[in-house]
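This is run33.cif (mmCIF, C-alpha atoms, pLDDT in the B column; chains and numbers go by the auth columns).
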data_entry
loop_
_atom_site.group_PDB
_atom_site.id
_atom_site.type_symbol
_atom_site.label_atom_id
_atom_site.label_comp_id
_atom_site.label_asym_id
_atom_site.label_seq_id
_atom_site.Cartn_x
_atom_site.Cartn_y
_atom_site.Cartn_z
_atom_site.B_iso_or_equiv
_atom_site.auth_seq_id
_atom_site.auth_asym_id
ATOM 1 C CA ASP A 1 3.887 -7.141 -0.506 85.00 208 A
ATOM 2 C CA ILE A 2 1.520 -4.669 -2.174 90.00 209 A
ATOM 3 C CA ARG A 3 2.128 -4.032 -5.849 90.00 210 A
ATOM 4 C CA VAL A 4 0.850 -1.357 -8.188 90.00 211 A
ATOM 5 C CA GLY A 5 -2.621 -2.320 -9.397 85.00 212 A
ATOM 6 C CA ASN A 6 -3.574 -4.344 -6.318 86.00 213 A
ATOM 7 C CA ILE A 7 -6.947 -3.592 -4.770 86.00 214 A
ATOM 8 C CA VAL A 8 -6.498 -2.779 -1.079 90.00 215 A
ATOM 9 C CA ARG A 9 -9.043 -2.560 1.748 91.00 216 A
ATOM 10 C CA VAL A 10 -8.181 -0.390 4.773 94.00 217 A
ATOM 11 C CA VAL A 11 -10.290 -0.335 7.936 94.00 218 A
ATOM 12 C CA ARG A 12 -10.841 2.380 10.558 94.00 219 A
ATOM 13 C CA ASP A 13 -7.777 3.763 12.394 92.00 220 A
ATOM 14 C CA GLN A 14 -5.276 1.986 10.139 94.00 221 A
ATOM 15 C CA PHE A 15 -2.532 3.686 8.166 94.00 222 A
ATOM 16 C CA PHE A 16 -2.611 3.494 4.385 94.00 223 A
ATOM 17 C CA PRO A 17 0.185 1.115 3.282 94.00 224 A
ATOM 18 C CA CYS A 18 0.702 2.810 -0.105 94.00 225 A
ATOM 19 C CA ASP A 19 -0.727 5.615 -2.212 94.00 226 A
ATOM 20 C CA LEU A 20 -4.254 4.614 -3.214 93.00 227 A
ATOM 21 C CA ILE A 21 -6.973 5.842 -5.532 93.00 228 A
ATOM 22 C CA MET A 22 -10.176 5.537 -3.495 92.00 229 A
ATOM 23 C CA LEU A 23 -12.809 3.409 -5.234 88.00 230 A
ATOM 24 C CA ASP A 24 -15.426 2.875 -2.505 86.00 231 A
ATOM 25 C CA SER A 25 -16.093 3.489 1.176 88.00 232 A
ATOM 26 C CA SER A 26 -18.528 2.493 3.892 89.00 233 A
ATOM 27 C CA SER A 27 -20.190 5.906 3.946 88.00 234 A
ATOM 28 C CA GLU A 28 -23.249 6.665 1.832 86.00 235 A
ATOM 29 C CA GLU A 29 -21.561 9.710 0.276 88.00 236 A
ATOM 30 C CA ASN A 30 -18.595 7.574 -0.833 87.00 237 A
ATOM 31 C CA SER A 31 -16.225 9.746 1.126 92.00 238 A
ATOM 32 C CA CYS A 32 -13.881 9.217 4.037 94.00 239 A
ATOM 33 C CA TYR A 33 -12.020 11.260 6.603 94.00 240 A
ATOM 34 C CA VAL A 34 -8.243 11.135 6.679 95.00 241 A
ATOM 35 C CA GLU A 35 -5.833 12.388 9.335 94.00 242 A
ATOM 36 C CA THR A 36 -2.592 13.611 7.770 91.00 243 A
ATOM 37 C CA LYS A 37 -0.776 14.447 11.006 90.00 244 A
ATOM 38 C CA ASN A 38 2.253 12.343 9.967 85.00 245 A
ATOM 39 C CA LEU A 39 2.553 14.137 6.621 85.00 246 A
ATOM 40 C CA ASP A 40 1.982 17.821 7.307 84.00 247 A
ATOM 41 C CA GLY A 41 1.472 18.108 11.082 84.00 248 A
ATOM 42 C CA GLU A 42 -2.179 19.121 10.754 85.00 249 A
ATOM 43 C CA THR A 43 -4.529 17.312 13.136 85.00 250 A
ATOM 44 C CA ASN A 44 -7.766 18.321 11.438 89.00 251 A
ATOM 45 C CA LEU A 45 -9.448 15.688 9.266 93.00 252 A
ATOM 46 C CA LYS A 46 -9.493 16.012 5.492 93.00 253 A
ATOM 47 C CA THR A 47 -12.358 14.716 3.376 94.00 254 A
ATOM 48 C CA LYS A 48 -11.476 12.439 0.478 94.00 255 A
ATOM 49 C CA ARG A 49 -13.939 11.241 -2.158 92.00 256 A
ATOM 50 C CA ALA A 50 -14.163 8.022 -4.137 89.00 257 A
ATOM 51 C CA VAL A 51 -14.109 8.062 -7.934 88.00 258 A
ATOM 52 C CA ASP A 52 -17.562 8.049 -9.526 81.00 259 A
ATOM 53 C CA LEU A 53 -17.819 4.290 -10.052 72.00 260 A
ATOM 54 C CA VAL A 54 -20.570 3.350 -7.626 59.00 261 A
ATOM 55 C CA LYS A 55 -23.305 5.275 -9.426 63.00 262 A
ATOM 56 C CA ASP A 56 -22.396 3.477 -12.668 65.00 263 A
ATOM 57 C CA ILE A 57 -21.804 -0.108 -11.522 68.00 264 A
ATOM 58 C CA GLY A 58 -23.356 -0.189 -8.046 65.00 265 A
ATOM 59 C CA PRO A 59 -21.533 -0.973 -4.814 65.00 266 A
ATOM 60 C CA LEU A 60 -18.157 -2.666 -5.119 69.00 267 A
ATOM 61 C CA ASN A 61 -19.243 -6.073 -3.871 68.00 268 A
ATOM 62 C CA ALA A 62 -17.175 -9.233 -4.376 72.00 269 A
ATOM 63 C CA GLU A 63 -18.557 -9.816 -7.875 73.00 270 A
ATOM 64 C CA ASN A 64 -17.818 -6.273 -9.087 71.00 271 A
ATOM 65 C CA MET A 65 -14.376 -6.324 -7.437 71.00 272 A
ATOM 66 C CA THR A 66 -13.535 -9.533 -9.305 71.00 273 A
ATOM 67 C CA LYS A 67 -14.716 -8.006 -12.595 69.00 274 A
ATOM 68 C CA LEU A 68 -12.687 -4.863 -11.898 71.00 275 A
ATOM 69 C CA SER A 69 -9.499 -6.763 -11.064 69.00 276 A
ATOM 70 C CA GLN A 70 -9.810 -9.220 -13.993 70.00 277 A
ATOM 71 C CA GLY A 71 -11.139 -6.776 -16.558 68.00 278 A
ATOM 72 C CA SER A 72 -9.390 -4.297 -18.783 72.00 279 A
ATOM 73 C CA SER A 73 -8.816 -1.481 -16.300 77.00 280 A
ATOM 74 C CA CYS A 74 -5.941 0.953 -16.479 81.00 281 A
ATOM 75 C CA VAL A 75 -4.762 3.925 -14.421 85.00 282 A
ATOM 76 C CA GLU A 76 -2.928 6.582 -16.429 88.00 283 A
ATOM 77 C CA CYS A 77 -1.213 9.005 -14.076 88.00 284 A
ATOM 78 C CA GLU A 78 1.746 11.275 -13.634 89.00 285 A
ATOM 79 C CA HIS A 79 5.135 9.832 -12.769 90.00 286 A
ATOM 80 C CA PRO A 80 5.897 9.559 -9.046 87.00 287 A
ATOM 81 C CA ASN A 81 6.801 12.957 -7.617 89.00 288 A
ATOM 82 C CA ASN A 82 7.212 14.631 -4.233 87.00 289 A
ATOM 83 C CA SER A 83 4.206 16.986 -4.410 87.00 290 A
ATOM 84 C CA LEU A 84 1.776 15.877 -1.689 86.00 291 A
ATOM 85 C CA TYR A 85 -1.095 18.117 -2.766 87.00 292 A
ATOM 86 C CA THR A 86 -1.240 17.609 -6.533 90.00 293 A
ATOM 87 C CA TYR A 87 -2.324 14.634 -8.591 90.00 294 A
ATOM 88 C CA SER A 88 -3.803 14.140 -12.014 90.00 295 A
ATOM 89 C CA GLY A 89 -4.663 11.070 -13.974 90.00 296 A
ATOM 90 C CA ASN A 90 -7.375 8.971 -15.574 90.00 297 A
ATOM 91 C CA LEU A 91 -8.926 5.654 -14.681 86.00 298 A
ATOM 92 C CA SER A 92 -10.032 3.698 -17.756 83.00 299 A
ATOM 93 C CA ILE A 93 -12.458 0.837 -17.189 81.00 300 A
ATOM 94 C CA GLY A 94 -13.596 -1.479 -19.933 75.00 301 A
ATOM 95 C CA ALA A 95 -15.094 -4.945 -20.242 70.00 302 A
ATOM 96 C CA PRO A 96 -16.678 -6.715 -18.392 70.00 303 A
ATOM 97 C CA LEU A 97 -17.992 -3.730 -16.396 68.00 304 A
ATOM 98 C CA PHE A 98 -18.607 -1.442 -19.383 72.00 305 A
ATOM 99 C CA PRO A 99 -19.094 -2.488 -23.024 75.00 306 A
ATOM 100 C CA GLN A 100 -17.288 0.661 -24.187 79.00 307 A
ATOM 101 C CA PRO A 101 -14.228 1.812 -22.212 79.00 308 A
ATOM 102 C CA LYS A 102 -15.115 4.558 -19.750 82.00 309 A
ATOM 103 C CA LYS A 103 -12.561 7.159 -18.693 86.00 310 A
ATOM 104 C CA ILE A 104 -12.845 8.768 -15.249 86.00 311 A
ATOM 105 C CA SER A 105 -10.753 11.792 -14.337 89.00 312 A
ATOM 106 C CA LEU A 106 -8.741 11.598 -11.093 91.00 313 A
ATOM 107 C CA ASN A 107 -7.766 14.486 -8.807 91.00 314 A
ATOM 108 C CA PRO A 108 -6.075 14.974 -5.412 92.00 315 A
ATOM 109 C CA SER A 109 -9.342 14.422 -3.513 93.00 316 A
ATOM 110 C CA ASN A 110 -9.354 10.800 -4.793 93.00 317 A
ATOM 111 C CA MET A 111 -5.813 10.118 -3.541 93.00 318 A
ATOM 112 C CA LEU A 112 -5.128 8.508 -0.154 94.00 319 A
ATOM 113 C CA LEU A 113 -1.477 8.996 0.774 93.00 320 A
ATOM 114 C CA ARG A 114 0.753 6.476 2.506 93.00 321 A
ATOM 115 C CA GLY A 115 1.275 7.301 6.171 90.00 322 A
ATOM 116 C CA SER A 116 -2.071 9.038 6.639 93.00 323 A
ATOM 117 C CA ASN A 117 -4.716 7.507 8.876 93.00 324 A
ATOM 118 C CA LEU A 118 -8.342 6.531 8.154 95.00 325 A
ATOM 119 C CA ARG A 119 -10.716 8.123 10.700 93.00 326 A
ATOM 120 C CA ASN A 120 -14.497 8.147 11.257 92.00 327 A
ATOM 121 C CA THR A 121 -15.068 5.731 8.369 92.00 328 A
ATOM 122 C CA GLU A 122 -15.408 1.949 8.773 94.00 329 A
ATOM 123 C CA TRP A 123 -13.501 0.954 5.624 93.00 330 A
ATOM 124 C CA VAL A 124 -12.290 2.106 2.224 92.00 331 A
ATOM 125 C CA VAL A 125 -11.275 0.201 -0.893 90.00 332 A
ATOM 126 C CA GLY A 126 -8.693 1.570 -3.282 90.00 333 A
ATOM 127 C CA ILE A 127 -6.315 0.638 -6.059 90.00 334 A
ATOM 128 C CA ALA A 128 -2.580 0.973 -5.376 92.00 335 A
ATOM 129 C CA VAL A 129 -0.892 3.491 -7.680 93.00 336 A
ATOM 130 C CA TYR A 130 2.447 4.155 -5.947 92.00 337 A
ATOM 131 C CA THR A 131 4.185 1.683 -3.638 92.00 338 A
ATOM 132 C CA GLY A 132 7.492 1.445 -1.800 90.00 339 A
ATOM 133 C CA HIS A 133 9.969 4.245 -2.503 88.00 340 A
ATOM 134 C CA ASP A 134 7.736 5.649 -5.269 87.00 341 A
ATOM 135 C CA THR A 135 5.082 6.897 -2.835 88.00 342 A
ATOM 136 C CA LYS A 136 4.707 10.650 -2.559 88.00 343 A
ATOM 137 C CA VAL A 137 5.746 10.613 1.112 86.00 344 A
ATOM 138 C CA MET A 138 8.969 8.706 0.433 87.00 345 A
ATOM 139 C CA MET A 139 9.837 10.971 -2.494 85.00 346 A
ATOM 140 C CA ASN A 140 9.186 14.004 -0.281 82.00 347 A
ATOM 141 C CA SER A 141 11.525 12.863 2.497 80.00 348 A
ATOM 142 C CA THR A 142 14.979 14.424 2.598 78.00 349 A
ATOM 143 C CA ASP A 143 18.122 13.926 4.641 77.00 350 A
ATOM 144 C CA THR A 144 18.147 15.664 7.995 78.00 351 A
ATOM 145 C CA PRO A 145 20.113 18.895 7.717 79.00 352 A
ATOM 146 C CA SER A 146 23.221 19.288 9.836 80.00 353 A
ATOM 147 C CA LYS A 147 22.687 21.436 12.917 84.00 354 A
ATOM 148 C CA ARG A 148 26.344 22.455 13.069 85.00 355 A
ATOM 149 C CA SER A 149 27.064 26.002 12.050 88.00 356 A
ATOM 150 C CA HIS A 150 29.678 27.140 9.569 88.00 357 A
ATOM 151 C CA VAL A 151 31.806 28.550 12.419 92.00 358 A
ATOM 152 C CA GLU A 152 31.829 25.182 14.217 91.00 359 A
ATOM 153 C CA LYS A 153 33.028 23.445 11.065 89.00 360 A
ATOM 154 C CA GLN A 154 35.855 26.023 10.672 92.00 361 A
ATOM 155 C CA MET A 155 36.820 25.626 14.322 94.00 362 A
ATOM 156 C CA ASP A 156 37.239 21.869 13.793 93.00 363 A
ATOM 157 C CA GLY A 157 39.894 22.622 11.175 93.00 364 A
ATOM 158 C CA VAL A 158 41.629 25.131 13.435 95.00 365 A
ATOM 159 C CA VAL A 159 41.712 22.714 16.405 96.00 366 A
ATOM 160 C CA ILE A 160 43.102 19.871 14.266 96.00 367 A
ATOM 161 C CA THR A 161 45.774 22.182 12.819 96.00 368 A
ATOM 162 C CA MET A 162 46.815 23.324 16.313 96.00 369 A
ATOM 163 C CA LEU A 163 46.921 19.732 17.586 97.00 370 A
ATOM 164 C CA LEU A 164 49.141 18.651 14.673 97.00 371 A
ATOM 165 C CA SER A 165 51.470 21.648 15.092 97.00 372 A
ATOM 166 C CA LEU A 166 51.826 20.917 18.849 96.00 373 A
ATOM 167 C CA ALA A 167 52.630 17.263 18.098 97.00 374 A
ATOM 168 C CA ILE A 168 55.260 18.299 15.537 96.00 375 A
ATOM 169 C CA LEU A 169 56.790 20.909 17.906 96.00 376 A
ATOM 170 C CA GLY A 170 56.820 18.394 20.791 96.00 377 A
ATOM 171 C CA THR A 171 58.485 15.739 18.627 96.00 378 A
ATOM 172 C CA ALA A 172 61.057 18.222 17.268 95.00 379 A
ATOM 173 C CA SER A 173 61.965 19.557 20.710 95.00 380 A
ATOM 174 C CA ALA A 174 62.321 16.000 22.105 95.00 381 A
ATOM 175 C CA VAL A 175 64.724 15.092 19.257 94.00 382 A
ATOM 176 C CA PHE A 176 66.916 18.204 19.708 91.00 383 A
#

Go through the file and emit its structure as structure tokens.
Amino acid sequence: DIRVGNIVRVVRDQFFPCDLIMLDSSSEENSCYVETKNLDGETNLKTKRAVDLVKDIGPLNAENMTKLSQGSSCVECEHPNNSLYTYSGNLSIGAPLFPQPKKISLNPSNMLLRGSNLRNTEWVVGIAVYTGHDTKVMMNSTDTPSKRSHVEKQMDGVVITMLLSLAILGTASAVF
């Protein structure tokens, strides 16, 4: 039920339900640790950083979250694609948080991908940018390749041809 633009809170050891831009976290450095074992097979933790909002507006408490969600905020980003390790975009935040619109550059270290797991951090808050089949993981998934070799596929044709010719020969010899 998550839609693009929703503000989502994820707690420790949960999977991210969509692709998020990280706005805040429970750590003092505004970073979190993410396990991407489901995406790339690596078990080591990757560090992700929040966008530089907290130093400008303070911690994202309930009041600031309400202002952010009701204000004139906009995420300008690339179209959904299958590249897990690239991302570029801008987060524009205007009134009521800033009198003049402020533009913050986004990069891959701000992106939390669907299917990865939050580790060693109590919680993170992010804004949903890609949901459903538009997430980078879903766009990166492909059909499972066939494990049958070319020779096996040719042999299927040969076996069917021989079976048909035996049926025809058996029918013809029974008639004569």

Identify which of the residues A:Gly333, A:Pro352, A:Gly377, A:Pro287 lies closest to Met229 in chain A, counting only C-alpha atoms when measuring atom-to-atom distances. A:Gly333

Since I can't run it myself right now, could you work out what the PyMOL selection byres ((chain A and resi 338) around 12) selects here and report it as a list in words?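 Those residues are Asp208, Ile209, Arg210, Val211, Gly212, Asn213, Val215, Phe223, Pro224, Cys225, Asp226, Leu227, Pro287, Leu320, Arg321, Gly322, Ile334, Ala335, Val336, Tyr337, Gly339, His340, Asp341, Thr342, Lys343, Val344, Met345 and Met346 of chain A.
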
Selection dump of the PyMOL selection byres ((chain A and resi 234) around 10), as a ChimeraX atom specification: /A:231-233,235-239,327-331

Give me the residues near Leu298 in chain A as number ranges by chain, where near means some atom within 7 Å (using only C-alpha atoms) and where sequence neighbours in that chain fewer than 6 positions away do not count. A: 281-283, 310-313

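Going from CA of Leu230 in chain A to CA of His286 in chain A covers 20.5 Å.
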
In Å, rounded to a single decimal, give me how far CA of Tyr294 in chain A is from CA of Asn251 in chain A. 21.1 Å

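For the structure shown here, the set of residues caught by the PyMOL selection byres ((chain A and resi 252) around 9) is A:Tyr240, A:Val241, A:Glu242, A:Thr243, A:Lys244, A:Glu249, A:Thr250, A:Asn251, A:Lys253, A:Thr254, A:Arg326.
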
Hey, can you check how far CA of Asn271 in chain A sits from CA of Ile300 in chain A?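 It comes out at 12.0 Å.
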
Proximity to Asp220 in chain A - best of A:Cys284, A:Ser323, A:Val365, A:Pro303, all atoms listed in the file: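 Checking each candidate against Asp220 in chain A, we get A:Ser323 as the closest.
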
Since the input lacks some atoms of range 212-245 of chain A, please model N, CA and C atoms and print them as an mmCIF file, in the frame of the given file.
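Writing done, so here's selection27.cif:
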data_model
loop_
_atom_site.group_PDB
_atom_site.id
_atom_site.type_symbol
_atom_site.label_atom_id
_atom_site.label_comp_id
_atom_site.auth_asym_id
_atom_site.auth_seq_id
_atom_site.Cartn_x
_atom_site.Cartn_y
_atom_site.Cartn_z
ATOM 1 N N GLY A 212 -1.484 -1.665 -8.768
ATOM 2 C CA GLY A 212 -2.621 -2.320 -9.397
ATOM 3 C C GLY A 212 -3.410 -3.205 -8.448
ATOM 4 N N ASN A 213 -2.833 -3.535 -7.289
ATOM 5 C CA ASN A 213 -3.574 -4.344 -6.318
ATOM 6 C C ASN A 213 -4.735 -3.543 -5.754
ATOM 7 N N ILE A 214 -5.810 -4.224 -5.428
ATOM 8 C CA ILE A 214 -6.947 -3.592 -4.770
ATOM 9 C C ILE A 214 -6.790 -3.827 -3.273
ATOM 10 N N VAL A 215 -6.812 -2.742 -2.506
ATOM 11 C CA VAL A 215 -6.498 -2.779 -1.079
ATOM 12 C C VAL A 215 -7.696 -2.294 -0.278
ATOM 13 N N ARG A 216 -7.982 -2.975 0.827
ATOM 14 C CA ARG A 216 -9.043 -2.560 1.748
ATOM 15 C C ARG A 216 -8.380 -2.128 3.054
ATOM 16 N N VAL A 217 -8.721 -0.934 3.529
ATOM 17 C CA VAL A 217 -8.181 -0.390 4.773
ATOM 18 C C VAL A 217 -9.352 -0.130 5.709
ATOM 19 N N VAL A 218 -9.217 -0.526 6.968
ATOM 20 C CA VAL A 218 -10.290 -0.335 7.936
ATOM 21 C C VAL A 218 -9.951 0.813 8.882
ATOM 22 N N ARG A 219 -10.929 1.223 9.671
ATOM 23 C CA ARG A 219 -10.841 2.380 10.558
ATOM 24 C C ARG A 219 -9.569 2.349 11.416
ATOM 25 N N ASP A 220 -8.960 3.516 11.567
ATOM 26 C CA ASP A 220 -7.777 3.763 12.394
ATOM 27 C C ASP A 220 -6.505 3.076 11.906
ATOM 28 N N GLN A 221 -6.497 2.551 10.702
ATOM 29 C CA GLN A 221 -5.276 1.986 10.139
ATOM 30 C C GLN A 221 -4.600 3.013 9.241
ATOM 31 N N PHE A 222 -3.291 2.847 9.084
ATOM 32 C CA PHE A 222 -2.532 3.686 8.166
ATOM 33 C C PHE A 222 -2.647 3.094 6.759
ATOM 34 N N PHE A 223 -2.592 3.961 5.762
ATOM 35 C CA PHE A 223 -2.611 3.494 4.385
ATOM 36 C C PHE A 223 -1.225 2.954 4.050
ATOM 37 N N PRO A 224 -1.119 1.730 3.522
ATOM 38 C CA PRO A 224 0.185 1.115 3.282
ATOM 39 C C PRO A 224 0.881 1.612 2.013
ATOM 40 N N CYS A 225 0.153 2.292 1.148
ATOM 41 C CA CYS A 225 0.702 2.810 -0.105
ATOM 42 C C CYS A 225 -0.212 3.939 -0.566
ATOM 43 N N ASP A 226 0.150 4.588 -1.650
ATOM 44 C CA ASP A 226 -0.727 5.615 -2.212
ATOM 45 C C ASP A 226 -1.844 4.923 -2.979
ATOM 46 N N LEU A 227 -3.090 5.281 -2.646
ATOM 47 C CA LEU A 227 -4.254 4.614 -3.214
ATOM 48 C C LEU A 227 -5.158 5.601 -3.933
ATOM 49 N N ILE A 228 -5.850 5.121 -4.948
ATOM 50 C CA ILE A 228 -6.973 5.842 -5.532
ATOM 51 C C ILE A 228 -8.215 5.227 -4.900
ATOM 52 N N MET A 229 -9.012 6.041 -4.225
ATOM 53 C CA MET A 229 -10.176 5.537 -3.495
ATOM 54 C C MET A 229 -11.293 5.165 -4.461
ATOM 55 N N LEU A 230 -11.742 3.907 -4.371
ATOM 56 C CA LEU A 230 -12.809 3.409 -5.234
ATOM 57 C C LEU A 230 -14.158 3.361 -4.533
ATOM 58 N N ASP A 231 -14.168 3.040 -3.233
ATOM 59 C CA ASP A 231 -15.426 2.875 -2.505
ATOM 60 C C ASP A 231 -15.165 3.057 -1.021
ATOM 61 N N SER A 232 -16.214 3.371 -0.276
ATOM 62 C CA SER A 232 -16.093 3.489 1.176
ATOM 63 C C SER A 232 -17.387 3.046 1.834
ATOM 64 N N SER A 233 -17.355 2.949 3.152
ATOM 65 C CA SER A 233 -18.528 2.493 3.892
ATOM 66 C C SER A 233 -19.582 3.586 4.036
ATOM 67 N N SER A 234 -19.217 4.826 3.789
ATOM 68 C CA SER A 234 -20.190 5.906 3.946
ATOM 69 C C SER A 234 -21.098 6.002 2.719
ATOM 70 N N GLU A 235 -22.286 6.547 2.930
ATOM 71 C CA GLU A 235 -23.249 6.665 1.832
ATOM 72 C C GLU A 235 -22.802 7.679 0.784
ATOM 73 N N GLU A 236 -22.033 8.680 1.207
ATOM 74 C CA GLU A 236 -21.561 9.710 0.276
ATOM 75 C C GLU A 236 -20.321 9.280 -0.495
ATOM 76 N N ASN A 237 -19.836 8.064 -0.228
ATOM 77 C CA ASN A 237 -18.595 7.574 -0.833
ATOM 78 C C ASN A 237 -17.420 8.497 -0.537
ATOM 79 N N SER A 238 -17.334 8.916 0.698
ATOM 80 C CA SER A 238 -16.225 9.746 1.126
ATOM 81 C C SER A 238 -15.635 9.146 2.394
ATOM 82 N N CYS A 239 -14.499 9.658 2.790
ATOM 83 C CA CYS A 239 -13.881 9.217 4.037
ATOM 84 C C CYS A 239 -13.133 10.397 4.644
ATOM 85 N N TYR A 240 -12.765 10.244 5.898
ATOM 86 C CA TYR A 240 -12.020 11.260 6.603
ATOM 87 C C TYR A 240 -10.631 10.737 6.903
ATOM 88 N N VAL A 241 -9.629 11.551 6.582
ATOM 89 C CA VAL A 241 -8.243 11.135 6.679
ATOM 90 C C VAL A 241 -7.492 12.109 7.575
ATOM 91 N N GLU A 242 -6.695 11.567 8.483
ATOM 92 C CA GLU A 242 -5.833 12.388 9.335
ATOM 93 C C GLU A 242 -4.427 12.348 8.747
ATOM 94 N N THR A 243 -3.898 13.520 8.422
ATOM 95 C CA THR A 243 -2.592 13.611 7.770
ATOM 96 C C THR A 243 -1.525 14.159 8.711
ATOM 97 N N LYS A 244 -1.695 13.916 9.999
ATOM 98 C CA LYS A 244 -0.776 14.447 11.006
ATOM 99 C C LYS A 244 0.668 14.032 10.719
ATOM 100 N N ASN A 245 0.894 12.816 10.235
ATOM 101 C CA ASN A 245 2.253 12.343 9.967
ATOM 102 C C ASN A 245 2.872 12.993 8.732
#
